[in-house]
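Note sheet for the following structure.
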Amino acid sequence: LVSTARYLINGEPTGNRLGAATRGAYRVRLRASGRAAHSAYPELGDSAIDKLLDALVALRDLPLPEDPALGKTSYTVGLMSGGVAPNVVPPIAEADVNFRTVGPAADVLSSLAPLRERVTLEDIVVVPPVTLTTVPGFETDVFSFTTDIPFLTAWGKPLLLGPGSVHVAHTDDEHVSIVELHEAVDLYVGLAETLLRM
């Protein structure tokens with residue numbers, strides 16, 4: 001089935017502003033290896049957790065790519081695990097780091113090269129940043145979050161507009177006000193009518 005759609009409107013929360021661009025996502029797994037030993041004799045082992053922590057501290061000082069429109073690459077250490085028991089020097093440890101990218105993931109990977117002295121790096125997810133279709137007469141903004149738009153290439157030119165704030169997404173207080181929902185309906189109608197005339 002071939003789509004004949006000319007435009008795709010993604011409804012993620014943008015505060016009812018039309019997205020001009022979004023950052024990408026690059027999730028990297030940092031994995032450290034060590035040698036197990038009895039915790040009473042730590043000098044006989046090699047702590048993978050210590051190596052991982054050292055790599056994560058070093059990450060704080062690495063220069064990461066920047067872009068005039070999207071800003072500086074940011075990251076969050078989202079998951080960590082390691083060790084086999086409290087009384088054993090940990091032979092394994094890993095952390096998933098989620099970067100919000102402003103350019104190619106390869107540029108971030110290049111920046112991470114100094115960490116390879118302590119850990120291995122494994123690509124988990126790569127989603128590129130995107131420049132979006134905008135329409136005159138609609139308020140626009142650039143967003144630090146990542147969308148599914150790079151995977152929806154068969155549905156026409158992408159636009160990004162939706163009620164609510166990404167600042168409360170993934171929290172206990174995630175919500176959208178009724179007022180914003182009503183505003184969004186009017187914006188969607190106006191956007192669709194404008195796009196049909198283009």
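The chains in the structure tokens are called A, B, ... from first to last as shown; in each chain the residues are counted from 1, and the ligands are counted from 1 in the order shown.
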Any chance you could tabulate, as JSON lines, the residues of range 15-74 of chain A at most 8 Å from range 129-153 of chain A with each one's nearest atom pair and distance in Å to one decimal, using only C-alpha atoms, in chain and rising number order?
```
{"residue": "A:Arg17", "atom": "CA", "partner": "A:Thr140", "partner_atom": "CA", "distance": 5.1}
{"residue": "A:Leu18", "atom": "CA", "partner": "A:Thr140", "partner_atom": "CA", "distance": 4.5}
{"residue": "A:Gly19", "atom": "CA", "partner": "A:Asp141", "partner_atom": "CA", "distance": 5.2}
{"residue": "A:Ala20", "atom": "CA", "partner": "A:Leu132", "partner_atom": "CA", "distance": 5.1}
{"residue": "A:Ala21", "atom": "CA", "partner": "A:Thr131", "partner_atom": "CA", "distance": 4.3}
{"residue": "A:Thr22", "atom": "CA", "partner": "A:Phe143", "partner_atom": "CA", "distance": 4.8}
{"residue": "A:Arg23", "atom": "CA", "partner": "A:Pro129", "partner_atom": "CA", "distance": 4.3}
{"residue": "A:Gly24", "atom": "CA", "partner": "A:Pro129", "partner_atom": "CA", "distance": 3.7}
{"residue": "A:Ala25", "atom": "CA", "partner": "A:Thr146", "partner_atom": "CA", "distance": 6.2}
{"residue": "A:Ala69", "atom": "CA", "partner": "A:Val142", "partner_atom": "CA", "distance": 7.5}
{"residue": "A:Leu70", "atom": "CA", "partner": "A:Val142", "partner_atom": "CA", "distance": 6.8}
```
Taking only residues of range 94-172 of chain A that have an atom at most 10 Å from an atom of range 58-65 of chain A, what is each one's shortest atom pair and its distance in Å to one decimal, using only C-alpha atoms, in chain and number order, as CSV?
```
residue,atom,partner,partner_atom,distance
A:Phe99,CA,A:Leu64,CA,9.8
A:Thr101,CA,A:Pro65,CA,7.8
A:Val102,CA,A:Pro65,CA,7.0
A:Gly103,CA,A:Pro65,CA,7.4
A:Pro104,CA,A:Pro65,CA,9.2
A:Ala105,CA,A:Pro65,CA,9.6
A:Asp107,CA,A:Pro65,CA,6.8
A:Val108,CA,A:Leu64,CA,6.4
A:Leu109,CA,A:Leu64,CA,9.5
A:Ser110,CA,A:Leu64,CA,9.2
A:Ser111,CA,A:Leu64,CA,6.1
A:Leu112,CA,A:Leu62,CA,7.4
A:Ala113,CA,A:Leu62,CA,9.6
A:Pro114,CA,A:Ala58,CA,8.5
A:Leu115,CA,A:Ala58,CA,7.3
```
Excluding same-chain residues fewer than 5 positions from Leu56 in chain A, what lies within 9 Å of it counting only C-alpha atoms, as a PDB file with all heavy atoms, in the first residue's frame?
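Printed below is out33.pdb as written:
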```pdb
ATOM      1  N   LEU A  30      27.716   1.708  27.972  1.00  0.00           N
ATOM      2  CA  LEU A  30      29.092   1.663  28.450  1.00  0.00           C
ATOM      3  C   LEU A  30      29.241   0.388  29.270  1.00  0.00           C
ATOM      4  O   LEU A  30      28.460   0.167  30.207  1.00  0.00           O
ATOM      5  CB  LEU A  30      29.405   2.872  29.336  1.00  0.00           C
ATOM      6  CG  LEU A  30      29.750   4.194  28.642  1.00  0.00           C
ATOM      7  CD1 LEU A  30      28.643   4.658  27.719  1.00  0.00           C
ATOM      8  CD2 LEU A  30      30.050   5.252  29.682  1.00  0.00           C
ATOM      9  N   LYS A  51      35.605   1.220  37.426  1.00  0.00           N
ATOM     10  CA  LYS A  51      35.943   1.647  36.063  1.00  0.00           C
ATOM     11  C   LYS A  51      34.772   2.395  35.414  1.00  0.00           C
ATOM     12  O   LYS A  51      34.950   3.425  34.755  1.00  0.00           O
ATOM     13  CB  LYS A  51      36.318   0.447  35.201  1.00  0.00           C
ATOM     14  CG  LYS A  51      37.641  -0.196  35.532  1.00  0.00           C
ATOM     15  CD  LYS A  51      37.874  -1.381  34.612  1.00  0.00           C
ATOM     16  CE  LYS A  51      39.158  -2.114  34.941  1.00  0.00           C
ATOM     17  NZ  LYS A  51      39.321  -3.316  34.103  1.00  0.00           N
ATOM     18  N   VAL A  77      22.253   9.594  32.153  1.00  0.00           N
ATOM     19  CA  VAL A  77      22.567   8.205  32.480  1.00  0.00           C
ATOM     20  C   VAL A  77      21.257   7.596  32.975  1.00  0.00           C
ATOM     21  O   VAL A  77      20.811   7.875  34.081  1.00  0.00           O
ATOM     22  CB  VAL A  77      23.665   8.107  33.552  1.00  0.00           C
ATOM     23  CG1 VAL A  77      23.978   6.640  33.854  1.00  0.00           C
ATOM     24  CG2 VAL A  77      24.920   8.841  33.102  1.00  0.00           C
ATOM     25  N   ALA A  95      26.231   0.796  31.954  1.00  0.00           N
ATOM     26  CA  ALA A  95      25.294   1.914  32.050  1.00  0.00           C
ATOM     27  C   ALA A  95      24.818   2.281  30.656  1.00  0.00           C
ATOM     28  O   ALA A  95      25.601   2.267  29.705  1.00  0.00           O
ATOM     29  CB  ALA A  95      25.962   3.116  32.704  1.00  0.00           C
ATOM     30  N   LEU A 115      36.871   7.597  26.603  1.00  0.00           N
ATOM     31  CA  LEU A 115      36.291   6.653  27.567  1.00  0.00           C
ATOM     32  C   LEU A 115      36.700   5.210  27.292  1.00  0.00           C
ATOM     33  O   LEU A 115      36.607   4.349  28.167  1.00  0.00           O
ATOM     34  CB  LEU A 115      34.756   6.746  27.568  1.00  0.00           C
ATOM     35  CG  LEU A 115      34.146   8.114  27.861  1.00  0.00           C
ATOM     36  CD1 LEU A 115      32.632   8.016  27.887  1.00  0.00           C
ATOM     37  CD2 LEU A 115      34.676   8.681  29.172  1.00  0.00           C
TER      38      LEU A 115
END
```
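Excluding Asp123 in chain A itself and any same-chain residue fewer than 5 positions from it, the protein and nucleic acid residues within 8 Å of it, counting only C-alpha atoms, are A:Tyr26, A:Arg27, A:Val28, A:Arg29.
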With DSSP run on the backbone, what are the alpha helix (DSSP H) residues within range 20-190 of chain A? I'd like them as a PyMOL selection string.
chain A and resi 48-59+105-111+178-190
